>>> print(open('work29.txt').read())   # compact mmCIF, C-alpha atoms
# COMPACT_ATOMS: atom_id res chain seq x y z
CA MET B 1 12.83 -18.45 -22.95
CA SER B 2 11.70 -15.20 -24.49
CA THR B 3 13.14 -11.73 -24.65
CA VAL B 4 10.79 -9.46 -22.74
CA SER B 5 11.17 -5.70 -23.19
CA MET B 6 9.34 -2.90 -21.45
CA THR B 7 9.88 0.57 -20.03
CA VAL B 8 10.44 0.60 -16.28
CA ASN B 9 10.59 3.96 -14.49
CA GLY B 10 11.23 5.64 -17.82
CA MET B 11 14.13 3.38 -18.84
CA ALA B 12 13.96 0.86 -21.67
CA VAL B 13 14.81 -2.56 -20.25
CA SER B 14 15.07 -6.02 -21.74
CA ALA B 15 15.83 -9.49 -20.37
CA ASP B 16 15.74 -13.10 -21.52
CA VAL B 17 13.40 -14.87 -19.14
CA GLU B 18 11.45 -18.09 -18.93
CA ASP B 19 7.85 -17.71 -20.09
CA ARG B 20 6.58 -18.57 -16.61
CA THR B 21 8.40 -15.59 -15.04
CA LEU B 22 6.11 -13.38 -12.98
CA LEU B 23 6.36 -9.63 -13.44
CA VAL B 24 7.46 -9.23 -9.82
CA ASP B 25 10.35 -11.66 -10.36
CA TYR B 26 11.35 -9.84 -13.53
CA ILE B 27 11.44 -6.59 -11.55
CA ARG B 28 13.22 -7.96 -8.48
CA GLU B 29 15.53 -10.66 -9.85
CA HIS B 30 16.36 -9.40 -13.32
CA LEU B 31 16.22 -5.62 -12.85
CA ARG B 32 17.30 -5.79 -9.18
CA LEU B 33 14.61 -3.29 -8.21
CA THR B 34 13.83 -4.79 -4.83
CA GLY B 35 11.55 -2.07 -3.49
CA THR B 36 8.63 -4.07 -4.88
CA HIS B 37 8.02 -6.81 -2.33
CA VAL B 38 6.52 -10.30 -2.27
CA GLY B 39 4.50 -10.80 0.89
CA CYS B 40 1.96 -13.51 0.16
CA ASP B 41 2.43 -14.49 -3.49
CA THR B 42 -1.34 -15.18 -3.57
CA SER B 43 -2.70 -11.78 -4.75
CA GLN B 44 -3.91 -10.79 -1.32
CA CYS B 45 -1.37 -8.59 0.47
CA GLY B 46 -0.59 -5.93 -2.13
CA THR B 47 3.11 -5.46 -1.30
CA CYS B 48 3.87 -6.20 -4.98
CA VAL B 49 1.67 -3.45 -6.44
CA VAL B 50 3.22 -1.58 -9.36
CA HIS B 51 1.65 0.53 -12.10
CA VAL B 52 1.36 -0.98 -15.59
CA ASP B 53 0.34 1.58 -18.20
CA GLY B 54 -0.80 3.84 -15.37
CA LYS B 55 -2.91 1.30 -13.51
CA ALA B 56 -2.15 -0.43 -10.21
CA VAL B 57 -1.73 -4.19 -10.61
CA LYS B 58 -0.44 -7.01 -8.45
CA SER B 59 2.85 -7.91 -10.10
CA CYS B 60 2.84 -11.36 -8.48
CA THR B 61 -0.29 -12.17 -10.48
CA MET B 62 0.84 -11.11 -13.93
CA LEU B 63 3.38 -12.71 -16.22
CA ALA B 64 6.34 -10.56 -17.28
CA ALA B 65 5.60 -11.56 -20.88
CA ALA B 66 2.13 -10.02 -20.57
CA ALA B 67 3.83 -6.67 -19.81
CA GLU B 68 5.82 -6.72 -23.07
CA GLY B 69 5.91 -3.16 -24.40
CA ALA B 70 4.23 -1.71 -21.31
CA GLU B 71 5.16 1.34 -19.24
CA VAL B 72 5.83 0.10 -15.72
CA THR B 73 6.36 2.28 -12.64
CA THR B 74 7.71 0.84 -9.41
CA ILE B 75 8.25 2.49 -6.03
CA GLU B 76 11.78 3.43 -7.19
CA GLY B 77 10.26 5.52 -9.98
CA VAL B 78 7.74 7.72 -8.16
CA ALA B 79 10.12 10.31 -6.68
CA ASN B 80 11.12 13.05 -9.07
CA GLY B 81 14.09 14.73 -7.41
CA ASP B 82 12.09 15.33 -4.25
CA LEU B 83 9.93 12.69 -2.65
CA HIS B 84 6.52 12.14 -4.24
CA PRO B 85 3.74 13.81 -2.20
CA MET B 86 2.49 10.34 -1.25
CA GLN B 87 5.92 9.35 0.09
CA ARG B 88 6.22 12.63 2.01
CA ALA B 89 2.74 12.12 3.49
CA PHE B 90 3.68 8.66 4.78
CA ASN B 91 6.76 10.28 6.32
CA ASP B 92 4.79 13.18 7.86
CA ASN B 93 2.07 10.93 9.34
CA HIS B 94 4.24 8.02 10.41
CA GLY B 95 2.26 5.85 8.00
CA LEU B 96 4.37 2.78 8.61
CA GLN B 97 6.12 0.74 11.25
CA CYS B 98 8.17 -2.10 9.76
CA GLY B 99 7.80 -0.71 6.25
CA PHE B 100 7.34 -3.99 4.42
CA CYS B 101 3.88 -3.12 3.04
CA THR B 102 4.77 0.53 2.38
CA PRO B 103 5.84 0.32 -1.29
CA GLY B 104 2.53 -1.34 -2.15
CA MET B 105 0.58 1.10 0.02
CA ILE B 106 2.19 4.06 -1.75
CA MET B 107 1.61 2.62 -5.24
CA SER B 108 -2.03 1.84 -4.40
CA GLY B 109 -2.41 5.25 -2.75
CA ILE B 110 -1.15 7.11 -5.84
CA ASP B 111 -3.42 4.99 -8.06
CA MET B 112 -6.55 5.67 -6.02
CA VAL B 113 -5.90 9.42 -5.82
CA ASN B 114 -5.32 9.58 -9.58
CA ARG B 115 -8.50 7.64 -10.35
CA TYR B 116 -10.72 9.61 -7.97
CA LYS B 117 -9.39 12.92 -9.30
CA ALA B 118 -9.91 11.82 -12.91
CA GLU B 119 -13.50 10.80 -12.14
CA GLY B 120 -14.18 13.90 -10.03
CA ARG B 121 -15.06 11.82 -6.97
CA GLU B 122 -14.25 12.68 -3.37
CA LEU B 123 -11.71 10.35 -1.77
CA ASP B 124 -12.98 10.49 1.82
CA GLU B 125 -11.88 8.28 4.68
CA ALA B 126 -14.45 5.57 3.97
CA ALA B 127 -13.40 5.49 0.31
CA ILE B 128 -9.71 5.21 1.23
CA ARG B 129 -10.42 2.31 3.58
CA HIS B 130 -12.49 0.54 0.89
CA GLU B 131 -9.81 1.17 -1.74
CA LEU B 132 -7.17 -0.39 0.55
CA GLU B 133 -8.99 -3.74 0.51
CA GLY B 134 -6.13 -5.33 -1.42
CA ASN B 135 -3.27 -4.03 0.75
CA LEU B 136 -2.49 -5.63 4.09
CA CYS B 137 -0.49 -4.03 6.92
CA ARG B 138 0.22 -6.22 9.93
CA CYS B 139 1.70 -3.46 12.12
CA THR B 140 -0.23 -0.23 12.16
CA GLY B 141 -3.95 -0.90 12.08
CA TYR B 142 -4.16 1.37 9.00
CA HIS B 143 -5.01 4.59 10.87
CA ASN B 144 -1.89 6.51 9.89
CA ILE B 145 -1.86 4.97 6.42
CA VAL B 146 -5.35 6.38 5.82
CA LYS B 147 -4.23 9.77 7.19
CA SER B 148 -1.19 9.71 4.88
CA ILE B 149 -3.24 9.01 1.77
CA ALA B 150 -5.79 11.68 2.74
CA GLN B 151 -2.99 14.25 3.12
CA ALA B 152 -1.42 13.30 -0.20
CA ALA B 153 -4.82 13.45 -1.91
CA SER B 154 -5.10 17.10 -0.87
CA GLU B 155 -1.64 17.86 -2.28
CA MET B 156 -1.55 15.87 -5.52
CA MET P 1 5.15 -22.22 -11.09
CA HIS P 2 5.64 -25.02 -13.64
CA SER P 3 7.30 -24.45 -16.98
CA LEU P 4 5.08 -23.29 -19.83
CA ASN P 5 5.02 -21.60 -23.21
CA TYR P 6 3.45 -18.16 -23.56
CA HIS P 7 1.75 -16.88 -26.71
CA LYS P 8 0.12 -13.52 -27.33
CA ALA P 9 -2.94 -13.39 -29.58
CA SER P 10 -3.99 -10.18 -31.31
CA ASN P 11 -7.50 -11.42 -32.15
CA ALA P 12 -9.91 -14.29 -31.50
CA SER P 13 -9.11 -16.32 -34.61
CA GLU P 14 -5.38 -16.10 -33.94
CA ALA P 15 -6.03 -17.21 -30.35
CA ALA P 16 -7.91 -20.29 -31.59
CA ARG P 17 -5.12 -21.11 -34.05
CA LEU P 18 -2.42 -20.73 -31.40
CA LEU P 19 -4.31 -22.89 -28.92
CA SER P 20 -4.90 -25.65 -31.47
CA GLY P 21 -1.12 -26.07 -31.82
CA THR P 22 -0.58 -26.76 -28.12
CA GLU P 23 -0.52 -29.95 -26.12
CA ASP P 24 -2.67 -28.82 -23.21
CA GLY P 25 -3.03 -25.08 -23.60
CA LYS P 26 -5.41 -22.64 -21.98
CA PHE P 27 -6.59 -19.16 -22.80
CA LEU P 28 -5.26 -16.49 -20.42
CA ALA P 29 -7.25 -13.29 -19.92
CA GLY P 30 -6.51 -11.20 -16.81
CA GLY P 31 -5.08 -14.21 -15.01
CA GLN P 32 -6.43 -13.14 -11.62
CA THR P 33 -7.73 -16.66 -10.97
CA LEU P 34 -5.73 -18.75 -13.42
CA ILE P 35 -2.28 -17.59 -12.26
CA PRO P 36 -3.01 -18.26 -8.55
CA ALA P 37 -4.45 -21.66 -9.58
CA MET P 38 -1.24 -22.40 -11.50
CA LYS P 39 0.93 -21.44 -8.52
CA THR P 40 -0.85 -24.06 -6.41
CA ARG P 41 -0.81 -26.48 -9.37
CA LEU P 42 -4.57 -26.76 -9.42
CA ALA P 43 -4.01 -25.89 -13.08
CA ALA P 44 -0.90 -26.80 -15.07
CA PRO P 45 -1.43 -25.89 -18.74
CA SER P 46 1.45 -26.57 -21.14
CA ASP P 47 0.80 -23.28 -22.90
CA LEU P 48 -0.97 -20.00 -22.25
CA VAL P 49 -2.57 -18.06 -25.09
CA ASP P 50 -2.97 -14.48 -23.84
CA VAL P 51 -6.11 -12.83 -25.21
CA SER P 52 -6.04 -9.78 -22.92
CA GLY P 53 -4.50 -7.57 -25.60
CA ALA P 54 -6.92 -8.49 -28.39
CA ALA P 55 -8.65 -5.21 -29.24
CA GLU P 56 -11.73 -6.89 -30.76
CA LEU P 57 -12.41 -8.61 -27.42
CA ARG P 58 -12.39 -5.37 -25.46
CA GLY P 59 -14.86 -2.57 -24.94
CA ILE P 60 -18.46 -1.85 -24.06
CA ASN P 61 -21.14 -1.06 -26.61
CA VAL P 62 -24.42 0.49 -25.44
CA SER P 63 -27.15 0.88 -28.05
CA GLY P 64 -30.39 1.97 -26.42
CA ARG P 65 -30.92 -0.73 -23.80
CA GLU P 66 -28.94 -3.37 -25.71
CA ILE P 67 -25.52 -3.93 -24.18
CA ALA P 68 -22.51 -5.83 -25.49
CA ILE P 69 -19.38 -6.25 -23.37
CA GLY P 70 -16.19 -7.66 -24.90
CA ALA P 71 -14.92 -10.72 -23.07
CA ALA P 72 -11.52 -9.17 -22.25
CA THR P 73 -13.08 -6.05 -20.73
CA THR P 74 -11.82 -5.58 -17.18
CA HIS P 75 -13.95 -5.23 -14.06
CA ALA P 76 -12.58 -1.69 -13.62
CA GLU P 77 -13.73 -0.78 -17.14
CA VAL P 78 -17.23 -2.15 -16.50
CA ALA P 79 -17.39 -0.33 -13.15
CA ALA P 80 -16.31 3.03 -14.61
CA ASN P 81 -18.25 3.08 -17.90
CA GLY P 82 -20.62 6.06 -17.81
CA GLU P 83 -22.78 4.97 -20.76
CA LEU P 84 -23.32 1.57 -19.21
CA ARG P 85 -24.08 3.11 -15.81
CA ASN P 86 -26.79 5.27 -17.40
CA VAL P 87 -28.80 2.23 -18.50
CA CYS P 88 -27.64 -0.57 -16.17
CA PRO P 89 -26.01 0.75 -12.97
CA SER P 90 -26.44 -2.58 -11.20
CA ILE P 91 -23.72 -4.34 -13.23
CA CYS P 92 -21.33 -1.38 -12.74
CA ASP P 93 -21.88 -1.48 -8.96
CA MET P 94 -21.36 -5.24 -8.92
CA ALA P 95 -18.11 -5.01 -10.91
CA ALA P 96 -16.88 -2.22 -8.59
CA ASN P 97 -16.92 -4.68 -5.68
CA ILE P 98 -15.14 -7.66 -7.23
CA GLY P 99 -11.79 -8.39 -5.56
CA ASP P 100 -9.76 -5.22 -4.94
CA PRO P 101 -8.76 -2.27 -7.17
CA ALA P 102 -5.59 -3.93 -8.53
CA VAL P 103 -7.46 -7.17 -9.29
CA ARG P 104 -10.17 -5.18 -11.06
CA HIS P 105 -7.54 -3.60 -13.32
CA ARG P 106 -6.63 -7.05 -14.69
CA GLY P 107 -9.57 -9.42 -14.15
CA THR P 108 -12.05 -9.73 -17.03
CA ILE P 109 -15.73 -10.55 -17.43
CA GLY P 110 -15.00 -13.36 -19.89
CA GLY P 111 -12.40 -14.92 -17.62
CA SER P 112 -14.73 -14.84 -14.64
CA ILE P 113 -17.59 -16.43 -16.54
CA ALA P 114 -15.44 -19.08 -18.23
CA ASN P 115 -13.91 -20.06 -14.88
CA ASN P 116 -17.34 -20.25 -13.16
CA ASP P 117 -16.01 -20.20 -9.61
CA PRO P 118 -18.98 -21.00 -7.33
CA ALA P 119 -18.23 -17.79 -5.38
CA ALA P 120 -17.66 -15.49 -8.38
CA ASP P 121 -20.03 -12.53 -8.76
CA TYR P 122 -20.56 -12.42 -12.54
CA PRO P 123 -22.41 -15.76 -12.93
CA ALA P 124 -25.26 -14.46 -10.73
CA ALA P 125 -25.46 -11.32 -12.84
CA MET P 126 -25.48 -13.28 -16.11
CA LEU P 127 -28.34 -15.48 -14.90
CA ALA P 128 -30.39 -12.55 -13.58
CA LEU P 129 -29.84 -10.42 -16.69
CA GLY P 130 -30.69 -13.33 -18.99
CA ALA P 131 -27.39 -12.71 -20.76
CA THR P 132 -26.22 -14.35 -23.96
CA ILE P 133 -22.64 -15.61 -23.95
CA ARG P 134 -21.13 -15.37 -27.44
CA THR P 135 -18.22 -17.40 -28.76
CA ALA P 136 -16.67 -17.48 -32.23
CA SER P 137 -19.10 -20.21 -33.31
CA ARG P 138 -22.33 -19.86 -31.31
CA GLU P 139 -24.48 -18.07 -28.74
CA ILE P 140 -25.22 -19.71 -25.40
CA ALA P 141 -27.98 -18.56 -23.04
CA ALA P 142 -26.74 -18.00 -19.49
CA ASP P 143 -29.34 -20.55 -18.30
CA ASP P 144 -27.54 -23.22 -20.35
CA PHE P 145 -24.01 -21.95 -19.77
CA PHE P 146 -23.28 -22.55 -16.08
CA VAL P 147 -23.18 -26.33 -15.75
CA GLY P 148 -21.63 -26.92 -12.30
CA LEU P 149 -18.65 -26.05 -10.11
CA PHE P 150 -15.99 -24.59 -12.43
CA GLU P 151 -17.88 -26.21 -15.32
CA THR P 152 -19.50 -24.46 -18.26
CA ALA P 153 -21.02 -25.37 -21.61
CA LEU P 154 -17.82 -24.21 -23.34
CA ASP P 155 -15.76 -26.72 -25.28
CA ASP P 156 -12.10 -26.93 -24.21
CA ASP P 157 -10.91 -24.83 -27.14
CA GLU P 158 -13.86 -22.42 -27.22
CA LEU P 159 -13.24 -18.75 -26.45
CA ILE P 160 -15.88 -16.32 -25.19
CA THR P 161 -15.84 -13.24 -27.41
CA SER P 162 -18.57 -11.09 -25.85
CA ILE P 163 -21.55 -10.98 -23.52
CA GLY P 164 -24.87 -9.45 -24.52
CA PHE P 165 -27.99 -8.53 -22.56
CA THR P 166 -30.85 -6.08 -22.40
CA ALA P 167 -30.69 -3.58 -19.55
CA PRO P 168 -33.44 -4.33 -17.02
CA ALA P 169 -35.90 -1.69 -15.85
CA ALA P 170 -34.49 -2.18 -12.34
CA GLY P 171 -31.79 -4.31 -10.82
CA ALA P 172 -29.31 -4.63 -7.97
CA TYR P 173 -26.74 -7.01 -6.52
CA ALA P 174 -26.34 -7.68 -2.81
CA LYS P 175 -23.30 -9.58 -1.59
CA PHE P 176 -22.39 -11.04 1.79
CA PRO P 177 -18.61 -11.33 1.55
CA ASN P 178 -16.60 -13.74 3.62
CA PRO P 179 -14.94 -11.44 6.18
CA ALA P 180 -11.47 -12.83 5.43
CA SER P 181 -11.36 -13.71 1.73
CA ARG P 182 -14.05 -11.19 0.66
CA TYR P 183 -15.38 -13.79 -1.77
CA ALA P 184 -19.19 -14.04 -1.81
CA MET P 185 -20.60 -16.43 0.76
CA CYS P 186 -23.80 -15.48 -0.95
CA GLY P 187 -24.51 -12.91 -3.64
CA VAL P 188 -27.94 -12.29 -5.14
CA PHE P 189 -28.55 -10.34 -8.35
CA VAL P 190 -32.16 -9.31 -8.93
CA ALA P 191 -33.26 -7.93 -12.31
CA LYS P 192 -36.73 -6.76 -13.31
CA GLY P 193 -36.72 -7.25 -17.05
CA ASP P 194 -39.28 -7.11 -19.86
CA ASP P 195 -40.12 -10.80 -19.45
CA GLY P 196 -40.37 -10.75 -15.68
CA VAL P 197 -38.12 -10.80 -12.66
CA ARG P 198 -35.01 -13.01 -12.62
CA VAL P 199 -32.99 -13.82 -9.51
CA GLY P 200 -29.41 -15.15 -9.82
CA VAL P 201 -27.61 -16.53 -6.78
CA THR P 202 -23.88 -17.13 -6.37
CA GLY P 203 -21.65 -18.33 -3.52
CA ALA P 204 -24.35 -20.40 -1.86
CA GLY P 205 -25.27 -23.28 -4.16
CA SER P 206 -23.39 -26.57 -3.91
CA ASP P 207 -23.58 -26.84 -7.70
CA GLY P 208 -22.59 -23.25 -8.47
CA ALA P 209 -24.73 -20.27 -9.45
CA PHE P 210 -28.47 -20.86 -9.80
CA ARG P 211 -31.80 -19.08 -10.26
CA ALA P 212 -34.27 -18.89 -7.38
CA GLY P 213 -37.52 -19.71 -9.17
CA ASP P 214 -39.86 -19.30 -6.20
CA PHE P 215 -38.42 -15.87 -5.51
CA GLU P 216 -38.91 -14.86 -9.14
CA ALA P 217 -42.59 -15.90 -9.08
CA ALA P 218 -43.22 -13.95 -5.88
CA LEU P 219 -41.45 -10.85 -7.22
CA ASP P 220 -43.40 -11.06 -10.49
CA GLY P 221 -46.53 -10.66 -8.33
CA GLU P 222 -45.16 -7.76 -6.32
CA PHE P 223 -41.67 -6.32 -6.67
CA SER P 224 -40.92 -5.63 -3.03
CA ALA P 225 -38.77 -7.13 -0.30
CA GLU P 226 -41.93 -8.03 1.64
CA ALA P 227 -43.05 -10.27 -1.24
CA LEU P 228 -40.20 -12.59 -0.23
CA ASP P 229 -41.37 -12.92 3.40
CA GLY P 230 -41.50 -16.58 4.38
CA LEU P 231 -39.77 -17.78 1.22
CA SER P 232 -36.46 -19.65 1.35
CA VAL P 233 -34.39 -21.98 -0.77
CA ARG P 234 -33.90 -25.61 0.30
CA ALA P 235 -30.82 -26.08 2.51
CA GLU P 236 -30.16 -29.45 0.83
CA GLY P 237 -28.73 -27.76 -2.25
CA MET P 238 -26.48 -25.31 -0.41
CA LEU P 239 -22.72 -25.33 0.16
CA SER P 240 -21.64 -26.32 3.64
CA ASP P 241 -18.13 -25.55 4.90
CA ILE P 242 -16.23 -24.05 7.83
CA HIS P 243 -17.40 -20.57 6.81
CA GLY P 244 -21.10 -21.39 7.04
CA ASP P 245 -23.30 -24.46 6.92
CA ALA P 246 -26.08 -25.13 4.44
CA VAL P 247 -28.89 -23.83 6.68
CA TYR P 248 -26.96 -20.60 7.28
CA ARG P 249 -26.33 -20.13 3.55
CA ALA P 250 -29.97 -20.85 2.68
CA ASN P 251 -30.96 -18.07 5.08
CA LEU P 252 -28.37 -15.76 3.49
CA VAL P 253 -30.02 -16.26 0.09
CA SER P 254 -33.32 -14.89 1.44
CA VAL P 255 -31.64 -11.98 3.24
CA MET P 256 -29.46 -10.98 0.29
CA ALA P 257 -32.42 -11.29 -2.11
CA LYS P 258 -34.45 -8.90 0.05
CA ARG P 259 -31.56 -6.44 0.24
CA ALA P 260 -31.13 -6.58 -3.54
CA VAL P 261 -34.84 -5.96 -4.16
CA ALA P 262 -34.83 -3.06 -1.68
CA ALA P 263 -31.76 -1.57 -3.39
CA ALA P 264 -33.30 -2.00 -6.84
CA GLY P 265 -36.35 -0.04 -5.68
>>> encode(input="work29.txt", output="structure tokens")
Amino acid sequence: MSTVSMTVNGMAVSADVEDRTLLVDYIREHLRLTGTHVGCDTSQCGTCVVHVDGKAVKSCTMLAAAAEGAEVTTIEGVANGDLHPMQRAFNDNHGLQCGFCTPGMIMSGIDMVNRYKAEGRELDEAAIRHELEGNLCRCTGYHNIVKSIAQAASEM
Amino acid sequence: MHSLNYHKASNASEAARLLSGTEDGKFLAGGQTLIPAMKTRLAAPSDLVDVSGAAELRGINVSGREIAIGAATTHAEVAANGELRNVCPSICDMAANIGDPAVRHRGTIGGSIANNDPAADYPAAMLALGATIRTASREIAADDFFVGLFETALDDDELITSIGFTAPAAGAYAKFPNPASRYAMCGVFVAKGDDGVRVGVTGAGSDGAFRAGDFEAALDGEFSAEALDGLSVRAEGMLSDIHGDAVYRANLVSVMAKRAVAAAG
């Protein structure tokens, strides 16, 4: 057991966990922030994507201990009073059906828009589809997800 | 996942010291392969020594055409480094297509090379670029480093610290990803360096990454896709599985090599 401390959605948190604890289990089981999902547990589906020090990572493929001292943002932390533009865009464009993949889609969407803006690159439809390689949706066929991210990219 | 002890190292010598005190410990870098392997119990180390936060193992140094990349540098950092792209865009483009964006934020060059997955992209690049793999105690040429499937010349307790190579005059990587897993069914890295053309192949060989000597000789004569017409690797040495048999993979090596040469210009 080790005490693992980090900042999650702006709040200092700390928990005594086994060393083998995955970051996603720390978030879901110890912090009870269950918006971050576990779909595959094999790094493929992307429902567990959170931001660690500003970068999208798969929290099922990172140990909680490795995030000691980090700034973590989960889906619960992206809205600031009003919905985040990415959340609103998914709402406007019906970018989901069952909603299971949506937290990961939104976290990956925010990450890709931030990176492309920082690098001065255009996030066109082909780029969005390529960037979504690590996020699986089994309902929608991605069309409205891509539209949602494109809308948010124009507003962020 | 099985029970284990986690240790964080702040530099390479501390990492070596921490590992030496363990029963059956392993170095952990980005963990993008090791953690999935541990979940399926293909790996079950007693201890993990995390080197991903060691500052001396991170970063990219470009001095003229000489390049040094710290072992704990992530794929995303290699892909986005402007200085590196100016002298060696081929390795940036290759890194930009490993896994997916979230995997690239964690996965490292040293971890990929040390793991030597037969379908990993970096081993082909290391062979083609004639890279030198540096550890705390020695330098290993890429040609001597990749021994077989998941096997390298590293000792059990040896940590890669950095990778060095000279930027080639031209180079490119062409990958044929498995449509489902996106891992390379064949990836060919072609580099036209000062000492001739080198061709590294990943994903296809039954013994891991290899160099295609016949292709190199032909490209030394004329650096064009047409120079490879009629050339192929022997199907006997290729992987054969449900995704593609050995004859199919041998053909992919020729096709990907031509695409890489065409892209390298």
>>> residues_around(input="work29.txt", residues="stretch 89-96 of chain B", least_positions_apart="3", cutoff="12 Å", atoms="only C-alpha atoms", output="CSV table (one decimal) with C-alpha atoms, keeping the file's coordinate frame")
chain,number,residue,atom,x,y,z
B,83,LEU,CA,9.9,12.7,-2.6
B,84,HIS,CA,6.5,12.1,-4.2
B,85,PRO,CA,3.7,13.8,-2.2
B,86,MET,CA,2.5,10.3,-1.2
B,99,GLY,CA,7.8,-0.7,6.2
B,100,PHE,CA,7.3,-4.0,4.4
B,101,CYS,CA,3.9,-3.1,3.0
B,102,THR,CA,4.8,0.5,2.4
B,103,PRO,CA,5.8,0.3,-1.3
B,104,GLY,CA,2.5,-1.3,-2.2
B,105,MET,CA,0.6,1.1,0.0
B,106,ILE,CA,2.2,4.1,-1.8
B,107,MET,CA,1.6,2.6,-5.2
B,109,GLY,CA,-2.4,5.2,-2.8
B,110,ILE,CA,-1.2,7.1,-5.8
B,136,LEU,CA,-2.5,-5.6,4.1
B,137,CYS,CA,-0.5,-4.0,6.9
B,138,ARG,CA,0.2,-6.2,9.9
B,139,CYS,CA,1.7,-3.5,12.1
B,140,THR,CA,-0.2,-0.2,12.2
B,141,GLY,CA,-4.0,-0.9,12.1
B,142,TYR,CA,-4.2,1.4,9.0
B,143,HIS,CA,-5.0,4.6,10.9
B,144,ASN,CA,-1.9,6.5,9.9
B,145,ILE,CA,-1.9,5.0,6.4
B,146,VAL,CA,-5.4,6.4,5.8
B,147,LYS,CA,-4.2,9.8,7.2
B,148,SER,CA,-1.2,9.7,4.9
B,149,ILE,CA,-3.2,9.0,1.8
B,150,ALA,CA,-5.8,11.7,2.7
B,151,GLN,CA,-3.0,14.2,3.1
B,152,ALA,CA,-1.4,13.3,-0.2
B,153,ALA,CA,-4.8,13.4,-1.9
B,154,SER,CA,-5.1,17.1,-0.9
B,155,GLU,CA,-1.6,17.9,-2.3
B,156,MET,CA,-1.6,15.9,-5.5
>>> closest_residue(input="work29.txt", among="B:Arg28, B:His37, B:His130, B:Arg121", to="chain P", atoms="all atoms listed in the file")
B:His130
>>> interface_residues(input="work29.txt", of="chain B", to="chain P", cutoff="8 Å", atoms="only C-alpha atoms", output="PyMOL selection string")
chain B and resi 18-20+42-43+49+55-58+61-62+65-66+108+131-134
>>> residues_around(input="work29.txt", residues="P:Ala227", least_positions_apart="4", cutoff="12 Å", atoms="all atoms listed in the file", output="list in words")
Asp214, Phe215, Glu216, Ala217, Ala218, Leu219, Asp220, Gly221, Glu222, Phe223, Leu231, Ser232, Ser254, Ala257, Lys258, Val261 and Ala262 of chain P
>>> closest_residue(input="work29.txt", among="P:Ala180, P:Thr108, P:Phe210, P:Ile98", to="P:Leu149", atoms="only C-alpha atoms")
P:Phe210
>>> closest_residue(input="work29.txt", among="P:Ala209, P:Cys88, P:Val62, P:Val188", to="P:Asp144", atoms="all atoms listed in the file")
P:Ala209
>>> residues_around(input="work29.txt", residues="P:Asp121", least_positions_apart="4", cutoff="12 Å", atoms="all atoms listed in the file", output="ChimeraX atom specification")
/P:75,91-99,108-109,111-113,115-117,125-128,173-177,182-189,200-204,208-210
>>> atom_distance(input="work29.txt", atom1="atom CA of P:Gly59", atom2="atom CA of P:Ile163")
10.8 Å
>>> closest_residue(input="work29.txt", among="P:Glu56, P:Asp157, P:Asp207, P:Glu151", to="P:Ala12", atoms="only C-alpha atoms")
P:Glu56
>>> atom_distance(input="work29.txt", atom1="atom CA of B:Asp25", atom2="atom CA of B:Val52")
14.9 Å
>>> atom_distance(input="work29.txt", atom1="atom CA of P:Asp195", atom2="atom CA of P:Thr135")
24.7 Å
>>> residues_around(input="work29.txt", residues="P:Gly25", least_positions_apart="2", cutoff="9 Å", atoms="only C-alpha atoms", output="PyMOL selection string")
chain P and resi 5+18-23+27+44-49+157
>>> write_last_selection(input="work29.txt", atoms="C-alpha atoms", output="PDB file, keeping the file's coordinate frame")
ATOM      1  CA  ASN P   5       5.020 -21.600 -23.210  1.00  0.00           C
ATOM      2  CA  LEU P  18      -2.420 -20.730 -31.400  1.00  0.00           C
ATOM      3  CA  LEU P  19      -4.310 -22.890 -28.920  1.00  0.00           C
ATOM      4  CA  SER P  20      -4.900 -25.650 -31.470  1.00  0.00           C
ATOM      5  CA  GLY P  21      -1.120 -26.070 -31.820  1.00  0.00           C
ATOM      6  CA  THR P  22      -0.580 -26.760 -28.120  1.00  0.00           C
ATOM      7  CA  GLU P  23      -0.520 -29.950 -26.120  1.00  0.00           C
ATOM      8  CA  PHE P  27      -6.590 -19.160 -22.800  1.00  0.00           C
ATOM      9  CA  ALA P  44      -0.900 -26.800 -15.070  1.00  0.00           C
ATOM     10  CA  PRO P  45      -1.430 -25.890 -18.740  1.00  0.00           C
ATOM     11  CA  SER P  46       1.450 -26.570 -21.140  1.00  0.00           C
ATOM     12  CA  ASP P  47       0.800 -23.280 -22.900  1.00  0.00           C
ATOM     13  CA  LEU P  48      -0.970 -20.000 -22.250  1.00  0.00           C
ATOM     14  CA  VAL P  49      -2.570 -18.060 -25.090  1.00  0.00           C
ATOM     15  CA  ASP P 157     -10.910 -24.830 -27.140  1.00  0.00           C
TER      16      ASP P 157
END
>>> decode(input="work29.txt", residues="stretch 258-262 of chain P", atoms="N, CA and C atoms", output="mmCIF file, in the first residue's frame")
data_model
loop_
_atom_site.group_PDB
_atom_site.id
_atom_site.type_symbol
_atom_site.label_atom_id
_atom_site.label_comp_id
_atom_site.auth_asym_id
_atom_site.auth_seq_id
_atom_site.Cartn_x
_atom_site.Cartn_y
_atom_site.Cartn_z
ATOM 1 N N LYS P 258 8.496 -0.236 -51.650
ATOM 2 C CA LYS P 258 8.341 0.679 -52.784
ATOM 3 C C LYS P 258 7.625 1.961 -52.356
ATOM 4 N N ARG P 259 6.596 1.819 -51.525
ATOM 5 C CA ARG P 259 5.873 3.019 -51.075
ATOM 6 C C ARG P 259 6.787 3.928 -50.259
ATOM 7 N N ALA P 260 7.634 3.298 -49.423
ATOM 8 C CA ALA P 260 8.542 4.095 -48.581
ATOM 9 C C ALA P 260 9.550 4.838 -49.453
ATOM 10 N N VAL P 261 10.103 4.146 -50.458
ATOM 11 C CA VAL P 261 11.080 4.798 -51.340
ATOM 12 C C VAL P 261 10.407 5.951 -52.095
ATOM 13 N N ALA P 262 9.195 5.695 -52.586
ATOM 14 C CA ALA P 262 8.476 6.756 -53.323
ATOM 15 C C ALA P 262 8.229 7.954 -52.415
#
